Amino acid sequence: MKKQLKKLGLSLCLLASLGLVAGCSNSNNSGNNDQQSNNEGENKTITVGILQFANHPSLDNCREGFIAGLAENGFVEGENLTLKYDNALSDTGNTGLIANQYVSGNVDLICAIATPAAQAAFNAAETKEIPVVYTAISDPIAANLADETGVSGKNVTGTSDQLPLEKQVAMIRELLPEAKTIGILYSTSEDNSISQIEQLKEIVPQYGFTLETVGVNAQADVPMAVDNLLAKVDCINNLTDNTVVSALGIIIEKANEKKIPVFGSEEEQLKSGCVASESIDYVALGKKTGEMAAKVLNGADITTMPYETISDFEEVINETALDLLGITKPESMTSARVVNTETKEDKEAAE
Amino acid sequence: MEAVLSIIIGILEQGFIYGVMALGVYITYRILDFPDLSVDGTFPLGAAVTAMLLTKGTNPYLALLAAIAAGALAGLCTGIIHVKFKVKDLLSGIITMTALYTINLRITGRSNLAFFNENTIFNSGIALWIPQSCRIVVIAILLAIVVKLVMDWYLHTKSGFLLSACGDNKTLVTSLAKDFGKVKIVGLILANALAALSGAILCQQQRFFEISMGTGAIITGLGSVIIGMNIFKHMTFIQGTTAALVGAVVYKGCTALAIALGLPTTDMKLITAVLFLAVLVINSREKGDKRA
């Protein structure tokens, strides 16, 4: 009997301490709110919760950019801004819990990074009308977060990371005038990849290419799928597919053996050995998101703000990879920013 | 205070929603002694069926029933693979789980399907009689309790007794001239129907389906059952079903606590694993003491 009471006591303590912790953070918040009402104007403290769905370099860049974007627009962490940050580690259950805690803590705005985070945040915040500003969503309309005009009519808006696919295909044509077939590896569970392939199917014939796609279900399928694909194509083009990108090393290794170039969808992929990319600068995307969030915090009506994309993409080229594959850099690409494949030594030096 | 209350409400919401799955895991893990991994597939299966039906404007309660049926069917598959084809328990669950990944994608047609503008059990029908701030929690608790009561009732029917006997005393079942395999299949059908129902309720609460939402469902389920069993270990008058539900709430409470404490979320999986191991070790030690 004693033991069971102990156990019960323990679990009650757990719950109580949870309450306490939450209570503390709450009293902090209300303290802030008091301050807010006392010193109207410059000393206002705003609380923003950042809910990131998963660990991913691009998503981290978005977050960095977002914080910088807020700062550029007058909301500086530690001065007039309190930031909370949580990563849901790809778990939708956690995503819901975190979103609920932000809403319970009455944050002034939630920044949601990646689709499920945005959906969970909006779901939790809708009734309290806490504004949700999202980023890194390829297709906000498909995610049910905006209508065809790009406006949600509700307390949610943000930025989309749509890829400049047409520019990418044009760039591949510049670099490989003789190539006929572009190969794409994608994972069947990623909506973004599937919709990007649909768009590519429309684009590639205009540049004289055909498209060859191979789907994978898991990272473990990638090596076999690459072998299959390499037999049929003149080059490979990566999408933002998380599963495929995380197995990029093996793709590049196999492609290099056959002297087949691999194109990337962002700069990070070039550092792993991709040839070139029309890439999205995720930090810039995050900055734009921060700018939008600042507008909302300054009183703009979020319900009428359409989601935005960034129009300035950057051409990046990897000279180590070009040399390795014996491709000459066309004159039109002399202005492209140069990065090189990071070797082990580079990485160690960086650390 | 208001914030604390709403965080606790959030925990209760998730706890009771996942609790329905814990009730299912209770059947397989505790009663049948069957480590059923199909739950990782049937939980999102329930969500997929619900999401697909709701976007077509189906009544949300009908969608729940459809999810139960789909889950039951999946459980039947695991059962047949295990009992009829004599595949090991762990493997038959893995086979169903793997197959369901594709099936779930086929059902929704995509890996993420949101339905913010559709009716759900939480924003239509009887939900409108409940004040908005506690709508979700009230409905989640009601659903979980109804499921629990039905299960308690079932476990006291003849079929239910056979099920309990299956895990404890196989020879008894056989000596009663009952087919041990059939009873096992019934248990798997029930367990997976509940897992799918739980996924369906969660999906209606969060208003989107995501293919990855089943990942680790079995861990949550097992964790809930084991925590619940440990809390009430010495209180024999507490039913196992109650323990499973309470376990789920405590499990979610711990997760929420970890988040509220600001523990780095990257460490959370490790913390969960260590906690889990600690509970199991303490549990087996106490058992050992008794034997000695």
# chains A, B, ... in the order shown; residues from 1 in each chain; ligands from 1
call {"tool": "closest_atom_pairs", "arguments": {"of": "region 165-248 of chain A", "to": "region 96-104 of chain B", "cutoff": "10 Å", "atoms": "only C-alpha atoms", "output": "Markdown table"}}
result
| residue | atom | partner | partner_atom | distance |
| --- | --- | --- | --- | --- |
| A:Thr188 | CA | B:Thr102 | CA | 9.1 |
| A:Ser189 | CA | B:Thr102 | CA | 8.8 |
| A:Asn217 | CA | B:Thr102 | CA | 8.9 |
call {"tool": "write_last_selection", "arguments": {"atoms": "N, CA and C atoms", "output": "short mmCIF file (atom, residue, chain, number, x, y, z; two decimals), in the first residue's frame"}}
result
data_model
loop_
_atom_site.label_atom_id
_atom_site.label_comp_id
_atom_site.auth_asym_id
_atom_site.auth_seq_id
_atom_site.Cartn_x
_atom_site.Cartn_y
_atom_site.Cartn_z
N THR A 188 8.19 8.65 -52.52
CA THR A 188 6.76 8.62 -52.84
C THR A 188 5.91 9.25 -51.75
N SER A 189 6.51 9.45 -50.55
CA SER A 189 5.70 9.99 -49.46
C SER A 189 5.79 11.50 -49.37
N ASN A 217 10.82 4.48 -51.39
CA ASN A 217 9.99 4.54 -50.19
C ASN A 217 10.80 4.89 -48.96
#
call {"tool": "residues_around", "arguments": {"residues": "Glu342 (chain A)", "least_positions_apart": "5", "cutoff": "9 Å", "atoms": "only C-alpha atoms", "output": "VMD selection string"}}
result
chain A and resid 270 to 273 347
call {"tool": "write_last_selection", "arguments": {"atoms": "N, CA, C and O atoms", "output": "PDB file, in the first residue's frame"}}
result
ATOM      1  N   LEU A 270      25.376  21.544 -53.028  1.00  0.00           N
ATOM      2  CA  LEU A 270      26.584  21.732 -53.832  1.00  0.00           C
ATOM      3  C   LEU A 270      27.832  21.423 -53.010  1.00  0.00           C
ATOM      4  O   LEU A 270      28.804  20.879 -53.523  1.00  0.00           O
ATOM      5  N   LYS A 271      27.757  21.759 -51.733  1.00  0.00           N
ATOM      6  CA  LYS A 271      28.896  21.480 -50.872  1.00  0.00           C
ATOM      7  C   LYS A 271      29.144  19.978 -50.772  1.00  0.00           C
ATOM      8  O   LYS A 271      30.246  19.535 -50.473  1.00  0.00           O
ATOM      9  N   SER A 272      28.097  19.196 -51.013  1.00  0.00           N
ATOM     10  CA  SER A 272      28.272  17.743 -51.000  1.00  0.00           C
ATOM     11  C   SER A 272      28.722  17.218 -52.353  1.00  0.00           C
ATOM     12  O   SER A 272      28.923  16.019 -52.512  1.00  0.00           O
ATOM     13  N   GLY A 273      28.810  18.078 -53.371  1.00  0.00           N
ATOM     14  CA  GLY A 273      29.334  17.634 -54.650  1.00  0.00           C
ATOM     15  C   GLY A 273      28.413  17.805 -55.840  1.00  0.00           C
ATOM     16  O   GLY A 273      28.730  17.361 -56.941  1.00  0.00           O
ATOM     17  N   LYS A 347      35.819  20.234 -43.742  1.00  0.00           N
ATOM     18  CA  LYS A 347      34.823  20.123 -42.683  1.00  0.00           C
ATOM     19  C   LYS A 347      35.479  20.156 -41.314  1.00  0.00           C
ATOM     20  O   LYS A 347      35.008  20.812 -40.403  1.00  0.00           O
TER      21      LYS A 347
END
call {"tool": "residues_around", "arguments": {"residues": "Phe208 (chain B)", "least_positions_apart": "6", "cutoff": "12 Å", "atoms": "only C-alpha atoms", "output": "PyMOL selection string"}}
result
(chain A and resi 92-93+96+115-123+142-145) or (chain B and resi 44+47-52+54-55+108+110-118+120+199-202)
call {"tool": "write_last_selection", "arguments": {"atoms": "N, CA, C and O atoms", "output": "short mmCIF file (atom, residue, chain, number, x, y, z; two decimals), in the first residue's frame"}}
result
data_model
loop_
_atom_site.label_atom_id
_atom_site.label_comp_id
_atom_site.auth_asym_id
_atom_site.auth_seq_id
_atom_site.Cartn_x
_atom_site.Cartn_y
_atom_site.Cartn_z
N THR A 92 4.15 14.39 -35.08
CA THR A 92 2.96 15.25 -35.12
C THR A 92 2.32 15.39 -33.74
O THR A 92 1.68 16.40 -33.47
N GLY A 93 2.49 14.38 -32.87
CA GLY A 93 1.96 14.49 -31.51
C GLY A 93 2.64 15.63 -30.77
O GLY A 93 1.99 16.49 -30.18
N GLY A 96 1.54 19.08 -31.97
CA GLY A 96 0.29 19.53 -31.37
C GLY A 96 0.50 20.04 -29.95
O GLY A 96 -0.03 21.08 -29.57
N THR A 115 5.28 22.39 -43.29
CA THR A 115 3.83 22.23 -43.41
C THR A 115 3.11 21.71 -42.15
O THR A 115 2.19 22.37 -41.68
N PRO A 116 3.51 20.55 -41.59
CA PRO A 116 2.73 20.06 -40.45
C PRO A 116 2.76 21.01 -39.25
O PRO A 116 1.78 21.12 -38.52
N ALA A 117 3.87 21.73 -39.09
CA ALA A 117 3.97 22.70 -38.00
C ALA A 117 2.95 23.80 -38.21
O ALA A 117 2.26 24.22 -37.27
N ALA A 118 2.84 24.28 -39.45
CA ALA A 118 1.90 25.35 -39.74
C ALA A 118 0.46 24.89 -39.52
O ALA A 118 -0.36 25.60 -38.96
N GLN A 119 0.18 23.66 -39.95
CA GLN A 119 -1.18 23.15 -39.79
C GLN A 119 -1.54 22.99 -38.32
O GLN A 119 -2.63 23.36 -37.89
N ALA A 120 -0.61 22.45 -37.54
CA ALA A 120 -0.88 22.25 -36.12
C ALA A 120 -1.02 23.59 -35.41
O ALA A 120 -1.90 23.77 -34.56
N ALA A 121 -0.15 24.55 -35.76
CA ALA A 121 -0.20 25.86 -35.11
C ALA A 121 -1.52 26.55 -35.43
O ALA A 121 -2.18 27.11 -34.55
N PHE A 122 -1.91 26.50 -36.69
CA PHE A 122 -3.17 27.13 -37.09
C PHE A 122 -4.35 26.47 -36.38
O PHE A 122 -5.26 27.13 -35.88
N ASN A 123 -4.31 25.14 -36.31
CA ASN A 123 -5.39 24.39 -35.66
C ASN A 123 -5.53 24.83 -34.20
O ASN A 123 -6.64 25.02 -33.70
N ALA A 142 -2.36 23.71 -51.34
CA ALA A 142 -2.59 22.28 -51.12
C ALA A 142 -2.61 21.95 -49.63
O ALA A 142 -3.28 21.02 -49.21
N ALA A 143 -1.89 22.72 -48.85
CA ALA A 143 -1.84 22.48 -47.40
C ALA A 143 -3.09 23.02 -46.72
O ALA A 143 -3.20 22.95 -45.49
N ASN A 144 -4.01 23.58 -47.50
CA ASN A 144 -5.28 24.07 -46.97
C ASN A 144 -5.09 25.33 -46.11
O ASN A 144 -5.91 25.62 -45.26
N LEU A 145 -3.99 26.05 -46.35
CA LEU A 145 -3.72 27.23 -45.54
C LEU A 145 -3.93 28.53 -46.31
O LEU A 145 -3.70 29.61 -45.79
N PRO B 44 -2.16 5.56 -38.26
CA PRO B 44 -2.37 6.48 -39.37
C PRO B 44 -3.43 5.99 -40.37
O PRO B 44 -4.01 6.81 -41.08
N ALA B 47 -6.50 7.57 -39.38
CA ALA B 47 -6.43 8.99 -39.73
C ALA B 47 -6.64 9.19 -41.22
O ALA B 47 -7.36 10.09 -41.65
N ALA B 48 -6.03 8.32 -42.03
CA ALA B 48 -6.13 8.45 -43.48
C ALA B 48 -7.58 8.29 -43.93
O ALA B 48 -8.10 9.09 -44.72
N VAL B 49 -8.24 7.25 -43.41
CA VAL B 49 -9.63 7.00 -43.79
C VAL B 49 -10.49 8.21 -43.40
O VAL B 49 -11.29 8.71 -44.21
N THR B 50 -10.29 8.70 -42.18
CA THR B 50 -11.07 9.85 -41.71
C THR B 50 -10.83 11.07 -42.59
O THR B 50 -11.77 11.73 -43.03
N ALA B 51 -9.55 11.36 -42.85
CA ALA B 51 -9.21 12.56 -43.63
C ALA B 51 -9.85 12.48 -45.01
O ALA B 51 -10.44 13.44 -45.50
N MET B 52 -9.73 11.31 -45.63
CA MET B 52 -10.27 11.14 -46.97
C MET B 52 -11.78 11.34 -46.96
O MET B 52 -12.34 12.06 -47.79
N LEU B 54 -13.68 12.89 -44.67
CA LEU B 54 -14.10 14.23 -44.27
C LEU B 54 -13.96 15.23 -45.42
O LEU B 54 -14.81 16.09 -45.60
N THR B 55 -12.89 15.09 -46.21
CA THR B 55 -12.74 16.02 -47.34
C THR B 55 -13.85 15.78 -48.37
O THR B 55 -14.12 16.64 -49.19
N THR B 108 -5.32 8.45 -49.11
CA THR B 108 -5.42 9.91 -49.15
C THR B 108 -4.91 10.47 -50.48
O THR B 108 -5.24 11.59 -50.83
N ARG B 110 -2.01 11.41 -51.06
CA ARG B 110 -0.88 12.30 -50.80
C ARG B 110 -0.45 12.14 -49.36
O ARG B 110 -1.17 11.60 -48.55
N SER B 111 0.75 12.67 -49.06
CA SER B 111 1.30 12.39 -47.75
C SER B 111 0.80 13.36 -46.68
O SER B 111 1.00 13.14 -45.50
N ASN B 112 0.15 14.42 -47.11
CA ASN B 112 -0.36 15.38 -46.14
C ASN B 112 -1.70 15.90 -46.64
O ASN B 112 -1.80 16.40 -47.76
N LEU B 113 -2.73 15.73 -45.85
CA LEU B 113 -4.07 16.14 -46.29
C LEU B 113 -4.73 16.91 -45.15
O LEU B 113 -4.97 16.36 -44.07
N ALA B 114 -5.00 18.20 -45.38
CA ALA B 114 -5.61 19.02 -44.33
C ALA B 114 -7.06 19.32 -44.69
O ALA B 114 -7.42 19.35 -45.87
N PHE B 115 -7.88 19.54 -43.68
CA PHE B 115 -9.31 19.84 -43.93
C PHE B 115 -9.82 20.83 -42.89
O PHE B 115 -10.66 20.52 -42.08
N PHE B 116 -9.28 22.05 -42.96
CA PHE B 116 -9.63 23.04 -41.94
C PHE B 116 -11.06 23.55 -42.07
O PHE B 116 -11.59 24.16 -41.16
N ASN B 117 -11.69 23.32 -43.21
CA ASN B 117 -13.02 23.87 -43.40
C ASN B 117 -14.13 22.84 -43.32
O ASN B 117 -15.27 23.12 -43.64
N GLU B 118 -13.79 21.62 -42.91
CA GLU B 118 -14.81 20.57 -42.86
C GLU B 118 -15.35 20.41 -41.44
O GLU B 118 -14.72 20.79 -40.48
N THR B 120 -16.03 18.41 -38.13
CA THR B 120 -15.43 17.29 -37.41
C THR B 120 -16.29 17.02 -36.18
O THR B 120 -17.20 17.81 -35.87
N GLY B 199 -6.34 7.06 -34.01
CA GLY B 199 -5.75 7.86 -35.08
C GLY B 199 -6.80 8.76 -35.72
O GLY B 199 -6.54 9.92 -36.05
N ALA B 200 -8.02 8.21 -35.87
CA ALA B 200 -9.10 8.97 -36.50
C ALA B 200 -9.50 10.16 -35.63
O ALA B 200 -9.72 11.27 -36.12
N ILE B 201 -9.56 9.93 -34.31
CA ILE B 201 -9.95 11.03 -33.41
C ILE B 201 -8.86 12.12 -33.42
O ILE B 201 -9.15 13.30 -33.54
N LEU B 202 -7.59 11.68 -33.36
CA LEU B 202 -6.49 12.65 -33.38
C LEU B 202 -6.53 13.47 -34.66
O LEU B 202 -6.35 14.68 -34.66
#
call {"tool": "closest_residue", "arguments": {"among": "A:Ile98, A:Ala54, A:Ile197, A:Ile113", "to": "Ile11 (chain B)", "atoms": "only C-alpha atoms"}}
result
A:Ile98
call {"tool": "closest_residue", "arguments": {"among": "A:Lys44, A:Lys232, A:Lys84, A:Lys288", "to": "chain B", "atoms": "only C-alpha atoms"}}
result
A:Lys84
call {"tool": "residues_around", "arguments": {"residues": "region 164-179 of chain B", "least_positions_apart": "6", "cutoff": "8 Å", "atoms": "only C-alpha atoms", "output": "list in words"}}
result
Arg30, Ile31, Leu32, Asp33 and Leu155 of chain B
call {"tool": "atom_distance", "arguments": {"atom1": "CA of Gly160 (chain B)", "atom2": "CA of Glu13 (chain B)"}}
result
28.7 Å
call {"tool": "atom_distance", "arguments": {"atom1": "CA of Thr58 (chain B)", "atom2": "CA of Leu105 (chain B)"}}
result
19.5 Å
call {"tool": "select_by_dssp", "arguments": {"residues": "region 251-295 of chain A", "states": "alpha helix (DSSP H)", "output": "list in words"}}
result
Ile251, Ile252, Glu253, Lys254, Ala255, Asn256, Glu257, Glu267, Glu268, Gln269, Leu270, Lys271, Tyr282, Val283, Ala284, Leu285, Gly286, Lys287, Lys288, Thr289, Gly290, Glu291, Met292, Ala293, Ala294 and Lys295 of chain A
call {"tool": "residues_around", "arguments": {"residues": "Ser90 (chain A)", "least_positions_apart": "4", "cutoff": "12 Å", "atoms": "only C-alpha atoms", "output": "list in words"}}
result
Leu51, Gln52, Phe53, Ala54, Asn55, His56, Asp86, Asn94, Thr95, Gly96, Ile113, Ala114, Thr115, Pro116, Ala117 and Asn242 of chain A; Glu210, Ile211, Ser212, Met213, Gly214, Thr215, Gly216, Thr265, Thr266 and Lys269 of chain B
call {"tool": "residues_around", "arguments": {"residues": "Leu143 (chain B)", "least_positions_apart": "5", "cutoff": "9 Å", "atoms": "only C-alpha atoms", "output": "list of chain:residue names"}}
result
B:Phe16, B:Ile17, B:Val20, B:Val138, B:Lys148
call {"tool": "residues_around", "arguments": {"residues": "Leu109 (chain A)", "least_positions_apart": "6", "cutoff": "8 Å", "atoms": "only C-alpha atoms", "output": "PyMOL selection string"}}
result
chain A and resi 47-49+130-133+293+297
call {"tool": "write_last_selection", "arguments": {"atoms": "all heavy atoms", "output": "tab-separated table (two decimals), in the first residue's frame"}}
result
chain	number	residue	atom	x	y	z
A	47	THR	N	6.08	38.38	-27.33
A	47	THR	CA	6.54	37.00	-27.27
A	47	THR	C	6.19	36.29	-28.58
A	47	THR	O	5.05	36.34	-29.03
A	47	THR	CB	5.89	36.24	-26.10
A	47	THR	OG1	6.02	37.04	-24.94
A	47	THR	CG2	6.57	34.91	-25.89
A	48	VAL	N	7.19	35.67	-29.17
A	48	VAL	CA	6.97	34.93	-30.40
A	48	VAL	C	7.43	33.49	-30.19
A	48	VAL	O	8.52	33.24	-29.66
A	48	VAL	CB	7.74	35.56	-31.58
A	48	VAL	CG1	7.72	34.67	-32.81
A	48	VAL	CG2	7.16	36.93	-31.92
A	49	GLY	N	6.59	32.53	-30.54
A	49	GLY	CA	6.96	31.13	-30.45
A	49	GLY	C	7.33	30.59	-31.82
A	49	GLY	O	6.60	30.79	-32.78
A	130	ILE	N	-4.70	33.88	-32.55
A	130	ILE	CA	-3.29	34.24	-32.47
A	130	ILE	C	-2.71	34.10	-33.88
A	130	ILE	O	-2.91	33.07	-34.53
A	130	ILE	CB	-2.54	33.31	-31.49
A	130	ILE	CG1	-3.04	33.58	-30.07
A	130	ILE	CG2	-1.04	33.48	-31.58
A	130	ILE	CD1	-2.51	32.63	-29.03
A	131	PRO	N	-2.04	35.13	-34.40
A	131	PRO	CA	-1.55	35.03	-35.77
A	131	PRO	C	-0.46	33.96	-35.94
A	131	PRO	O	0.40	33.80	-35.09
A	131	PRO	CB	-0.99	36.43	-36.06
A	131	PRO	CG	-0.81	37.07	-34.74
A	131	PRO	CD	-1.79	36.44	-33.81
A	132	VAL	N	-0.55	33.22	-37.05
A	132	VAL	CA	0.45	32.20	-37.38
A	132	VAL	C	1.11	32.61	-38.69
A	132	VAL	O	0.42	32.84	-39.69
A	132	VAL	CB	-0.21	30.82	-37.54
A	132	VAL	CG1	0.81	29.80	-38.01
A	132	VAL	CG2	-0.86	30.37	-36.24
A	133	VAL	N	2.43	32.75	-38.68
A	133	VAL	CA	3.15	33.08	-39.91
A	133	VAL	C	4.05	31.89	-40.22
A	133	VAL	O	4.89	31.51	-39.42
A	133	VAL	CB	3.98	34.36	-39.73
A	133	VAL	CG1	4.77	34.66	-40.99
A	133	VAL	CG2	3.07	35.54	-39.40
A	293	ALA	N	5.97	38.98	-40.36
A	293	ALA	CA	5.57	38.84	-38.96
A	293	ALA	C	5.59	40.20	-38.28
A	293	ALA	O	4.69	40.54	-37.51
A	293	ALA	CB	6.49	37.86	-38.24
A	297	LEU	N	2.67	42.12	-36.32
A	297	LEU	CA	2.83	42.58	-34.94
A	297	LEU	C	2.56	44.08	-34.83
A	297	LEU	O	2.12	44.57	-33.80
A	297	LEU	CB	4.23	42.26	-34.42
A	297	LEU	CG	4.51	40.78	-34.17
A	297	LEU	CD1	5.98	40.55	-33.87
A	297	LEU	CD2	3.65	40.25	-33.02
call {"tool": "closest_residue", "arguments": {"among": "B:Asn230, B:Ser38, B:Asn192, B:Thr272", "to": "chain A", "atoms": "only C-alpha atoms"}}
result
B:Asn230
call {"tool": "decode", "arguments": {"residues": "region 86-114 of chain A", "atoms": "N, CA and C atoms", "output": "PDB file, in the first residue's frame"}}
result
ATOM      1  N   ASP A  86      10.913  25.667 -30.278  1.00  0.00           N
ATOM      2  CA  ASP A  86      10.774  24.229 -30.065  1.00  0.00           C
ATOM      3  C   ASP A  86      10.806  23.491 -31.386  1.00  0.00           C
ATOM      4  N   ASN A  87      11.450  22.333 -31.357  1.00  0.00           N
ATOM      5  CA  ASN A  87      11.543  21.493 -32.542  1.00  0.00           C
ATOM      6  C   ASN A  87      10.743  20.224 -32.273  1.00  0.00           C
ATOM      7  N   ALA A  88       9.815  19.889 -33.169  1.00  0.00           N
ATOM      8  CA  ALA A  88       8.922  18.750 -32.910  1.00  0.00           C
ATOM      9  C   ALA A  88       9.541  17.423 -33.330  1.00  0.00           C
ATOM     10  N   LEU A  89      10.739  17.453 -33.914  1.00  0.00           N
ATOM     11  CA  LEU A  89      11.426  16.227 -34.317  1.00  0.00           C
ATOM     12  C   LEU A  89      10.551  15.319 -35.157  1.00  0.00           C
ATOM     13  N   SER A  90       9.845  15.887 -36.100  1.00  0.00           N
ATOM     14  CA  SER A  90       9.006  15.141 -37.058  1.00  0.00           C
ATOM     15  C   SER A  90       7.877  14.365 -36.401  1.00  0.00           C
ATOM     16  N   ASP A  91       7.534  14.678 -35.146  1.00  0.00           N
ATOM     17  CA  ASP A  91       6.475  13.937 -34.473  1.00  0.00           C
ATOM     18  C   ASP A  91       5.222  14.819 -34.407  1.00  0.00           C
ATOM     19  N   THR A  92       4.152  14.391 -35.076  1.00  0.00           N
ATOM     20  CA  THR A  92       2.960  15.246 -35.116  1.00  0.00           C
ATOM     21  C   THR A  92       2.317  15.391 -33.738  1.00  0.00           C
ATOM     22  N   GLY A  93       2.491  14.382 -32.873  1.00  0.00           N
ATOM     23  CA  GLY A  93       1.965  14.487 -31.509  1.00  0.00           C
ATOM     24  C   GLY A  93       2.641  15.634 -30.769  1.00  0.00           C
ATOM     25  N   ASN A  94       3.988  15.674 -30.843  1.00  0.00           N
ATOM     26  CA  ASN A  94       4.743  16.773 -30.237  1.00  0.00           C
ATOM     27  C   ASN A  94       4.332  18.110 -30.829  1.00  0.00           C
ATOM     28  N   THR A  95       4.140  18.112 -32.161  1.00  0.00           N
ATOM     29  CA  THR A  95       3.789  19.359 -32.835  1.00  0.00           C
ATOM     30  C   THR A  95       2.534  19.949 -32.207  1.00  0.00           C
ATOM     31  N   GLY A  96       1.538  19.082 -31.975  1.00  0.00           N
ATOM     32  CA  GLY A  96       0.289  19.531 -31.369  1.00  0.00           C
ATOM     33  C   GLY A  96       0.496  20.041 -29.951  1.00  0.00           C
ATOM     34  N   LEU A  97       1.296  19.308 -29.173  1.00  0.00           N
ATOM     35  CA  LEU A  97       1.543  19.710 -27.783  1.00  0.00           C
ATOM     36  C   LEU A  97       2.239  21.067 -27.709  1.00  0.00           C
ATOM     37  N   ILE A  98       3.248  21.256 -28.568  1.00  0.00           N
ATOM     38  CA  ILE A  98       3.994  22.516 -28.557  1.00  0.00           C
ATOM     39  C   ILE A  98       3.080  23.672 -28.961  1.00  0.00           C
ATOM     40  N   ALA A  99       2.308  23.438 -30.035  1.00  0.00           N
ATOM     41  CA  ALA A  99       1.397  24.488 -30.505  1.00  0.00           C
ATOM     42  C   ALA A  99       0.436  24.858 -29.383  1.00  0.00           C
ATOM     43  N   ASN A 100      -0.062  23.850 -28.676  1.00  0.00           N
ATOM     44  CA  ASN A 100      -0.996  24.095 -27.577  1.00  0.00           C
ATOM     45  C   ASN A 100      -0.344  24.915 -26.466  1.00  0.00           C
ATOM     46  N   GLN A 101       0.946  24.613 -26.186  1.00  0.00           N
ATOM     47  CA  GLN A 101       1.625  25.373 -25.134  1.00  0.00           C
ATOM     48  C   GLN A 101       1.821  26.834 -25.524  1.00  0.00           C
ATOM     49  N   TYR A 102       2.116  27.075 -26.795  1.00  0.00           N
ATOM     50  CA  TYR A 102       2.258  28.459 -27.245  1.00  0.00           C
ATOM     51  C   TYR A 102       0.937  29.200 -27.082  1.00  0.00           C
ATOM     52  N   VAL A 103      -0.132  28.534 -27.503  1.00  0.00           N
ATOM     53  CA  VAL A 103      -1.439  29.177 -27.432  1.00  0.00           C
ATOM     54  C   VAL A 103      -1.824  29.399 -25.969  1.00  0.00           C
ATOM     55  N   SER A 104      -1.545  28.397 -25.116  1.00  0.00           N
ATOM     56  CA  SER A 104      -1.850  28.535 -23.687  1.00  0.00           C
ATOM     57  C   SER A 104      -1.070  29.683 -23.074  1.00  0.00           C
ATOM     58  N   GLY A 105       0.180  29.839 -23.508  1.00  0.00           N
ATOM     59  CA  GLY A 105       1.027  30.902 -22.979  1.00  0.00           C
ATOM     60  C   GLY A 105       0.714  32.255 -23.590  1.00  0.00           C
ATOM     61  N   ASN A 106      -0.339  32.296 -24.431  1.00  0.00           N
ATOM     62  CA  ASN A 106      -0.750  33.546 -25.068  1.00  0.00           C
ATOM     63  C   ASN A 106       0.379  34.277 -25.783  1.00  0.00           C
ATOM     64  N   VAL A 107       1.166  33.572 -26.581  1.00  0.00           N
ATOM     65  CA  VAL A 107       2.204  34.255 -27.351  1.00  0.00           C
ATOM     66  C   VAL A 107       1.527  35.248 -28.298  1.00  0.00           C
ATOM     67  N   ASP A 108       2.277  36.240 -28.735  1.00  0.00           N
ATOM     68  CA  ASP A 108       1.687  37.242 -29.616  1.00  0.00           C
ATOM     69  C   ASP A 108       1.649  36.773 -31.057  1.00  0.00           C
ATOM     70  N   LEU A 109       2.545  35.831 -31.393  1.00  0.00           N
ATOM     71  CA  LEU A 109       2.583  35.338 -32.765  1.00  0.00           C
ATOM     72  C   LEU A 109       3.315  33.998 -32.776  1.00  0.00           C
ATOM     73  N   ILE A 110       2.875  33.103 -33.669  1.00  0.00           N
ATOM     74  CA  ILE A 110       3.592  31.841 -33.811  1.00  0.00           C
ATOM     75  C   ILE A 110       4.226  31.809 -35.195  1.00  0.00           C
ATOM     76  N   CYS A 111       5.512  31.461 -35.238  1.00  0.00           N
ATOM     77  CA  CYS A 111       6.162  31.249 -36.522  1.00  0.00           C
ATOM     78  C   CYS A 111       6.272  29.743 -36.702  1.00  0.00           C
ATOM     79  N   ALA A 112       5.674  29.210 -37.768  1.00  0.00           N
ATOM     80  CA  ALA A 112       5.671  27.768 -37.969  1.00  0.00           C
ATOM     81  C   ALA A 112       6.530  27.426 -39.171  1.00  0.00           C
ATOM     82  N   ILE A 113       7.483  26.521 -38.976  1.00  0.00           N
ATOM     83  CA  ILE A 113       8.404  26.172 -40.055  1.00  0.00           C
ATOM     84  C   ILE A 113       8.095  24.772 -40.562  1.00  0.00           C
ATOM     85  N   ALA A 114       7.714  24.666 -41.807  1.00  0.00           N
ATOM     86  CA  ALA A 114       7.313  23.453 -42.532  1.00  0.00           C
ATOM     87  C   ALA A 114       5.823  23.133 -42.330  1.00  0.00           C
TER      88      ALA A 114
END
